[in-house]
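J.: Input input_18.cif, format and content: mmCIF, C-alpha atoms and all ligand atoms.
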```
data_my_file
#
loop_
_atom_site.label_atom_id
_atom_site.label_comp_id
_atom_site.auth_asym_id
_atom_site.auth_seq_id
_atom_site.Cartn_x
_atom_site.Cartn_y
_atom_site.Cartn_z
CA MET A 877 -0.98 -3.33 -26.15
CA ALA A 878 -4.02 -1.54 -24.84
CA LYS A 879 -5.02 -2.34 -21.31
CA LEU A 880 -8.41 -3.93 -20.83
CA CYS A 881 -10.96 -3.51 -18.06
CA LYS A 882 -10.60 -6.34 -15.55
CA GLU A 883 -14.39 -6.63 -15.33
CA CYS A 884 -15.80 -6.20 -18.83
CA SER A 885 -12.68 -6.37 -21.03
CA LYS A 886 -13.48 -3.02 -22.59
CA LYS A 887 -10.43 -1.07 -23.74
CA LEU A 888 -9.20 1.34 -21.07
CA PRO A 889 -8.06 4.89 -21.93
CA GLN A 890 -4.37 4.94 -22.85
CA PHE A 891 -3.09 6.51 -19.65
CA SER A 892 -5.58 5.05 -17.21
CA HIS A 893 -4.17 4.01 -13.83
CA SER A 894 -7.26 2.04 -13.02
CA LEU A 895 -7.75 -1.66 -13.65
CA VAL A 896 -11.40 -1.19 -14.43
CA CYS A 897 -13.34 1.13 -16.71
CA GLU A 898 -15.42 4.00 -15.40
CA ASP A 899 -18.70 2.15 -15.83
CA CYS A 900 -17.50 -0.92 -13.93
CA SER A 901 -15.92 1.26 -11.24
CA LYS A 902 -19.29 2.91 -10.72
CA ILE A 903 -21.04 -0.44 -10.42
CA ILE A 904 -18.50 -1.73 -7.89
CA THR A 905 -18.72 1.44 -5.79
CA GLU A 906 -22.49 1.22 -5.75
CA LYS A 907 -22.36 -2.42 -4.76
CA TYR A 908 -19.91 -1.54 -1.94
CA GLU A 909 -22.38 1.00 -0.54
CA GLU A 910 -25.24 -1.44 -0.95
CA ILE A 911 -23.41 -4.17 0.96
CA LYS A 912 -22.42 -1.70 3.68
CA ASN A 913 -25.99 -0.50 4.18
CA GLU A 914 -27.39 -4.00 4.13
CA THR A 915 -24.75 -5.19 6.62
CA LEU A 916 -25.72 -2.41 9.02
CA GLU A 917 -29.39 -3.02 8.51
CA LYS A 918 -29.39 -6.80 8.86
CA PHE A 919 -26.49 -6.91 11.30
CA VAL A 920 -24.75 -9.58 9.25
CA LEU A 921 -22.24 -9.73 6.42
CA ASP A 922 -23.01 -12.91 4.52
CA LYS A 923 -20.51 -15.12 2.74
CA LYS A 924 -21.45 -13.93 -0.72
CA GLN A 925 -21.10 -10.29 0.20
CA ALA A 926 -17.78 -10.86 1.94
CA GLY A 927 -16.61 -12.80 -1.09
CA TYR A 928 -17.58 -9.96 -3.40
CA LEU A 929 -15.67 -7.41 -1.33
CA LYS A 930 -12.57 -9.62 -1.11
CA ASP A 931 -12.72 -10.25 -4.83
CA LYS A 932 -13.07 -6.62 -5.88
CA PHE A 933 -11.03 -4.77 -3.28
CA GLU A 934 -7.55 -4.68 -1.83
CA LYS A 935 -6.95 -4.94 1.91
CA ASP A 936 -6.94 -1.18 2.54
CA MET A 937 -10.53 -0.98 1.24
CA LEU A 938 -11.57 -3.98 3.34
CA ILE A 939 -10.18 -2.19 6.40
CA LYS A 940 -12.06 0.93 5.32
CA PHE A 941 -15.25 -1.12 5.09
CA TYR A 942 -14.72 -2.41 8.63
CA ASP A 943 -13.89 1.11 9.83
CA GLU A 944 -17.09 2.49 8.36
CA ILE A 945 -19.18 -0.16 10.10
CA TYR A 946 -17.29 0.46 13.36
CA GLY A 947 -17.77 4.23 13.03
CA LYS A 948 -21.50 3.82 12.43
CA LEU A 949 -21.92 1.57 15.46
CA LEU A 950 -19.93 3.94 17.62
CA SER A 951 -21.78 7.10 16.66
CA GLY A 952 -23.72 8.19 19.67
CA LYS A 953 -23.04 5.31 22.00
CA GLU A 954 -20.73 2.67 23.31
CA ILE A 955 -20.18 -0.57 21.49
CA SER A 956 -22.24 -3.38 23.02
CA LYS A 957 -21.37 -7.02 23.46
CA ASN A 958 -23.44 -8.07 20.44
CA GLU A 959 -21.86 -5.40 18.31
CA ILE A 960 -18.39 -6.57 19.32
CA GLU A 961 -19.30 -10.09 18.16
CA PHE A 962 -20.69 -8.66 14.93
CA LEU A 963 -17.50 -6.67 14.30
CA LEU A 964 -15.31 -9.69 14.98
CA LYS A 965 -17.35 -11.72 12.50
CA ILE A 966 -16.81 -9.04 9.85
CA LYS A 967 -13.10 -9.08 10.66
CA ASP A 968 -13.00 -12.86 10.12
CA SER A 969 -15.16 -12.81 6.99
CA LEU A 970 -12.89 -10.24 5.38
CA GLY A 971 -9.74 -12.06 6.46
CA LEU A 972 -8.47 -9.14 8.55
CA SER A 973 -6.14 -9.45 11.53
CA VAL A 974 -6.51 -8.04 15.05
CA GLU A 975 -3.85 -5.50 14.11
CA ASP A 976 -5.77 -4.46 10.98
CA ILE A 977 -8.81 -3.54 13.03
CA GLY A 978 -6.93 -2.07 16.00
CA PHE A 979 -8.54 -4.62 18.33
CA ASP A 980 -6.50 -3.68 21.42
CA GLU A 981 -7.19 0.02 21.08
CA ARG A 982 -10.70 0.07 19.72
CA ILE A 983 -12.48 -3.07 20.91
CA LYS A 984 -10.83 -4.43 24.03
CA PRO A 985 -11.65 -1.47 26.33
CA TYR A 986 -15.33 -1.99 25.44
CA ILE A 987 -15.15 -5.60 26.55
CA TYR A 988 -14.14 -4.27 29.98
CA ILE A 989 -16.71 -1.48 29.92
CA ASN A 990 -19.56 -3.84 28.99
CA PHE A 991 -18.51 -6.33 31.61
CA ILE A 992 -18.21 -3.70 34.35
CA LYS A 993 -21.50 -2.04 33.55
CA GLY A 994 -23.33 -5.33 33.14
CA LYS A 995 -22.00 -7.24 36.13
CA ASN A 996 -20.54 -4.56 38.34
CA GLU A 997 -17.27 -6.45 38.51
CA LEU A 998 -14.08 -6.77 36.48
CA PRO A 999 -13.40 -9.56 34.00
CA LYS A 1000 -10.88 -12.20 34.98
CA PHE A 1001 -7.71 -12.32 32.95
CA LYS A 1002 -5.66 -15.39 32.11
CA LEU A 1003 -1.94 -14.92 32.56
CA ASP A 1004 -1.12 -18.10 30.61
CA ALA A 1005 -0.37 -16.15 27.45
CA PHE A 1006 2.64 -14.58 29.14
CA GLY A 1007 4.12 -17.95 29.96
CA PHE A 1008 4.71 -17.47 33.65
CA ASN A 1009 3.05 -17.96 36.96
CA ILE A 1010 2.96 -15.38 39.66
CA ILE A 1011 2.31 -16.24 43.23
CA LEU A 1012 -0.97 -14.71 44.15
CA LYS A 1013 -2.36 -14.08 47.57
CA GLU A 1014 -5.48 -15.79 48.73
CA ASP A 1015 -8.59 -14.52 46.89
CA GLU A 1016 -6.42 -12.45 44.59
CA LYS A 1017 -7.79 -12.26 41.05
CA VAL A 1018 -5.88 -11.03 38.03
CA HIS A 1019 -7.80 -8.52 35.89
CA PHE A 1020 -5.35 -7.41 33.25
CA ALA A 1021 -1.67 -7.58 32.27
CA TYR A 1022 0.50 -5.91 29.67
CA ALA A 1023 4.19 -5.35 29.00
CA ALA A 1024 5.47 -2.24 30.75
CA THR A 1025 8.61 -0.40 31.74
CA ALA A 1026 8.59 0.98 35.27
CA LYS A 1027 10.18 4.37 35.78
CA GLU A 1028 10.59 6.30 38.96
CA ILE A 1029 9.57 9.92 38.74
CA LYS A 1030 12.57 12.01 39.73
CA ILE A 1031 10.82 15.28 40.33
CA LYS A 1032 7.95 16.11 42.66
CA ASN A 1033 5.37 16.07 39.92
CA LEU A 1034 5.41 15.92 36.19
CA GLY A 1035 4.20 19.47 35.95
CA TYR A 1036 1.00 18.79 34.12
CA SER A 1037 -2.08 20.32 35.59
CA GLY A 1038 -5.20 18.17 35.58
CA GLY A 1039 -6.84 20.12 32.81
CA ARG A 1040 -4.13 19.46 30.30
CA SER A 1041 -3.99 15.72 30.35
CA GLY A 1042 -6.80 14.07 28.54
CA VAL A 1043 -7.12 10.58 29.90
CA SER A 1044 -10.13 10.14 32.08
CA PHE A 1045 -11.19 6.73 33.28
CA LYS A 1046 -14.15 7.31 35.48
CA ILE A 1047 -16.85 4.85 34.64
CA ILE A 1048 -20.24 6.34 34.98
CA LYS A 1049 -23.27 4.16 34.54
CA ASP A 1050 -25.29 5.16 31.50
CA ALA A 1051 -22.58 7.51 30.34
CA ARG A 1052 -20.72 6.92 27.16
CA TYR A 1053 -17.17 5.73 27.08
CA SER A 1054 -15.14 6.24 23.95
CA ALA A 1055 -12.16 3.96 23.58
CA GLY A 1056 -9.01 5.18 21.94
CA THR A 1057 -10.03 8.82 22.03
CA HIS A 1058 -8.33 9.59 25.32
CA LYS A 1059 -5.25 10.85 23.65
CA GLY A 1060 -3.48 12.60 26.46
CA ILE A 1061 -0.02 14.03 26.22
CA THR A 1062 3.08 11.93 26.52
CA VAL A 1063 5.37 12.08 29.50
CA ASP A 1064 8.77 13.69 29.24
CA GLU A 1065 11.50 11.04 29.34
CA ASP A 1066 14.20 13.02 31.12
CA LYS A 1067 12.11 13.40 34.25
CA LEU A 1068 12.06 9.65 34.67
CA LEU A 1069 14.52 7.07 35.87
CA GLN A 1070 14.12 3.58 34.49
CA THR A 1071 13.89 1.08 37.31
CA SER A 1072 12.48 -2.14 35.94
CA LYS A 1073 10.92 -3.85 32.98
CA GLY A 1074 8.43 -6.68 32.70
CA VAL A 1075 4.72 -7.35 32.69
CA LEU A 1076 2.46 -5.07 34.66
CA ILE A 1077 -0.37 -6.99 36.29
CA ILE A 1078 -3.40 -5.58 38.00
CA THR A 1079 -5.18 -7.73 40.55
CA GLY A 1080 -7.95 -6.95 42.97
CA LYS A 1081 -5.28 -6.16 45.56
CA ARG A 1082 -2.28 -4.60 43.85
CA LEU A 1083 -0.35 -3.47 40.85
CA LEU A 1084 2.49 -5.88 40.31
CA LEU A 1085 5.39 -5.76 37.93
CA SER A 1086 6.53 -9.26 37.12
CA PRO A 1087 10.08 -8.57 35.99
CA LEU A 1088 12.05 -9.72 33.00
CA PRO A 1089 15.32 -11.48 33.87
CA GLY A 1090 17.76 -9.02 35.42
CA ASN A 1091 15.02 -6.70 36.59
CA ARG A 1092 13.43 -6.41 39.98
CA PRO A 1093 9.79 -6.93 40.86
CA LEU A 1094 7.60 -4.12 42.06
CA SER A 1095 4.40 -4.35 44.04
CA ILE A 1096 2.08 -1.47 44.82
CA PRO A 1097 -0.92 -2.29 47.03
CA LEU A 1098 -4.03 -0.61 45.67
CA ASP A 1099 -4.87 0.89 49.05
CA SER A 1100 -1.55 2.75 49.01
CA ILE A 1101 -2.32 4.58 45.76
CA LEU A 1102 -2.88 8.28 46.27
CA THR A 1103 -3.44 9.33 42.66
CA TYR A 1104 -3.23 7.87 39.20
CA GLN A 1105 -3.26 9.47 35.82
CA GLY A 1106 -3.24 8.06 32.33
CA TYR A 1107 -1.20 9.36 29.46
CA GLN A 1108 -0.87 8.46 25.84
CA ASN A 1109 2.20 6.36 26.63
CA GLY A 1110 1.54 5.04 30.09
CA ILE A 1111 0.13 5.48 33.53
CA GLU A 1112 1.41 7.53 36.46
CA ILE A 1113 0.93 6.34 40.03
CA TYR A 1114 1.66 8.17 43.26
CA LYS A 1115 1.88 6.28 46.51
CA GLU A 1116 0.38 7.68 49.65
CA ASP A 1117 3.02 6.72 52.21
CA THR A 1118 6.20 7.88 50.54
CA LYS A 1119 4.70 10.26 47.98
CA ARG A 1120 6.89 8.38 45.57
CA GLY A 1121 5.78 8.39 41.97
CA PHE A 1122 6.04 5.72 39.32
CA PHE A 1123 5.42 5.91 35.64
CA PHE A 1124 4.58 2.65 33.90
CA GLU A 1125 5.38 3.12 30.28
CA ILE A 1126 3.01 1.14 28.06
CA ASP A 1127 3.10 1.36 24.29
CA ASN A 1128 -0.57 0.71 23.69
CA ILE A 1129 -3.29 3.26 24.45
CA GLY A 1130 -5.92 0.51 24.73
CA ALA A 1131 -3.88 -1.20 27.45
CA VAL A 1132 -3.45 2.14 29.25
CA GLU A 1133 -7.21 2.59 29.13
CA ILE A 1134 -7.88 -0.88 30.49
CA PHE A 1135 -5.48 -0.35 33.41
CA GLY A 1136 -7.25 2.95 34.01
CA LEU A 1137 -10.67 1.32 33.88
CA CYS A 1138 -9.57 -1.36 36.34
CA LEU A 1139 -8.05 1.19 38.72
CA SER A 1140 -11.11 3.35 38.45
CA PHE A 1141 -13.37 0.44 39.27
CA LEU A 1142 -11.22 -0.95 42.07
CA LEU A 1143 -10.48 2.39 43.73
CA LEU A 1144 -13.62 4.36 43.05
CA GLY A 1145 -16.25 1.82 42.15
CA VAL A 1146 -18.98 2.43 39.61
CA SER A 1147 -21.05 5.40 40.55
ZN ZN A 1201 -15.46 -2.37 -17.43
#
```
Output the structure of this file as C-alpha cells.
T.:
Amino acid sequence: MAKLCKECSKKLPQFSHSLVCEDCSKIITEKYEEIKNETLEKFVLDKKQAGYLKDKFEKDMLIKFYDEIYGKLLSGKEISKNEIEFLLKIKDSLGLSVEDIGFDERIKPYIYINFIKGKNELPKFKLDAFGFNIILKEDEKVHFAYAATAKEIKIKNLGYSGGRSGVSFKIIKDARYSAGTHKGITVDEDKLLQTSKGVLIITGKRLLLSPLPGNRPLSIPLDSILTYQGYQNGIEIYKEDTKRGFFFEIDNIGAVEIFGLCLSFLLLGVS
C-alpha cells in the first residue's frame, strides 16, 4: 500500500523516507522559521506556537529550536537574568528536561555571573538537596556544592604551563563570560592519588569535602590557597603552607566553572 502524507494525505513517492510530502515539508519548515523569529522578536513562545512545534517535530528538533534561540541570545554577550527566565519558559513549553538543554553547563554559570555582577556578592546555596548537614562556622555561608573525588597530586606540578590550559575564571565587570566554552585539557590520572570522595562545598571561608561513608573529610581554608586552576574534568588547588596540591575531579564543566567563579570572586574580588 502506498504511503500517504501525514499532513495532506497525498500519495508519497514509493521510496520516500519522509512522513510528509515535499510541499507540506516546506510549509512546516517555513512555519518553524517563522515561530523562531517571532519568539526572538517578541521574547515569548506562546502556547499555540509551542503546541505546533511539539505536534510537528520530534524531540531532537525541539532541542534544536531551543539551541537556536540560546545561540542567538548568546551571540555577542552574556545571558541576562530575563533571558534565563525566557529560556526556561521555552524549555517548559516544549517539554524539555534540564539535561536536554544542558542547564548545568550552559545556564547555571550565568546565574552566578549575573548575581556577582549585579550584587557584587555570591549567591547562597542550599545544601538540602544533598541530604546532609555540615557544621558551619559562625558567619559561614555556602555558595556551591557538587560531587567530587579528591586526589592528591603526586608530582610537583602537573606539567601544564599556564598558556595551555584554557579555563579562566576571572570575572571582569562589563566583560563577557562564556559558559561551557572553557574547555581546558583533562588531567592525567596516573599523576594523581585518590584520597577521598564526597561532595565538594565552597563557603566564604573554605573548600570542604564532605565525605561519603568510608572516606575522610578535607578542609582547605581559602586564605591558604596559593593557586587554583580549572580543567575540563576538575579543579586543581595548591596550598601555600605545604605546597601540597589537590585535584578535585568533577564530571561537569558547568560545576567546575561555578567553583572557579566562586574562587575567583572570593580570592580576587571583582575588578
Ligand atoms: Zn502533504
J.: Of the candidates A:Val1075, A:Ile945, A:Ala878, A:Ala1026, which shows the shortest atom-to-atom distance to Phe962 (chain A), using only C-alpha atoms?
T.: A:Ile945
J.: Which residues are near ligand ZN 1201 (chain A) in this structure, taking near to mean any atom at most 12 Å from a ligand atom and counting all atoms listed in the file? Format them as a list in words.
T.: Lys879, Leu880, Cys881, Lys882, Glu883, Cys884, Ser885, Lys886, Lys887, Leu888, Pro889, Ser894, Leu895, Val896, Cys897, Glu898, Asp899, Cys900, Ser901, Lys902, Ile903 and Ile904 of chain A
J.: Taking all atoms listed in the file into account, which of A:Glu1016, A:Glu1116, A:Asp936, A:Glu1028 comes nearest Gly1080 (chain A)?
T.: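 Selected residue with least distance to Gly1080 (chain A): A:Glu1016.
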J.: Report the distance between CA of Asp922 (chain A) and CA of Lys940 (chain A) in Å, rounded to one decimal place.
T.: 17.7 Å
J.: Rounded to one decimal, what separation in Å do you get between CA of Ile1029 (chain A) and CA of Leu1144 (chain A)?
T.: 24.2 Å
J.: May I ask for the distance between CA of Glu1112 (chain A) and CA of Ala1005 (chain A), given in Å to one decimal place?
T.: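 Calculated distance between CA of Glu1112 (chain A) and CA of Ala1005 (chain A) is 25.4 Å.
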J.: Calculated over only C-alpha atoms, which of the candidates A:Tyr1104, A:Tyr1114, A:Tyr1022, A:Tyr986 has the smallest distance to Leu1084 (chain A)?
T.: A:Tyr1022
J.: Rank A:Ile992, A:Leu949, A:Leu972, A:Ile977 by their smallest atom-to-atom distance to Ile1134 (chain A), using all atoms listed in the file, and report the top residue only.
T.: A:Ile992
J.: Rank nothing, just name the residue among A:Leu1068, A:Leu929, A:Leu921, A:Val974 nearest to Tyr908 (chain A), using all atoms listed in the file.
T.: A:Leu929
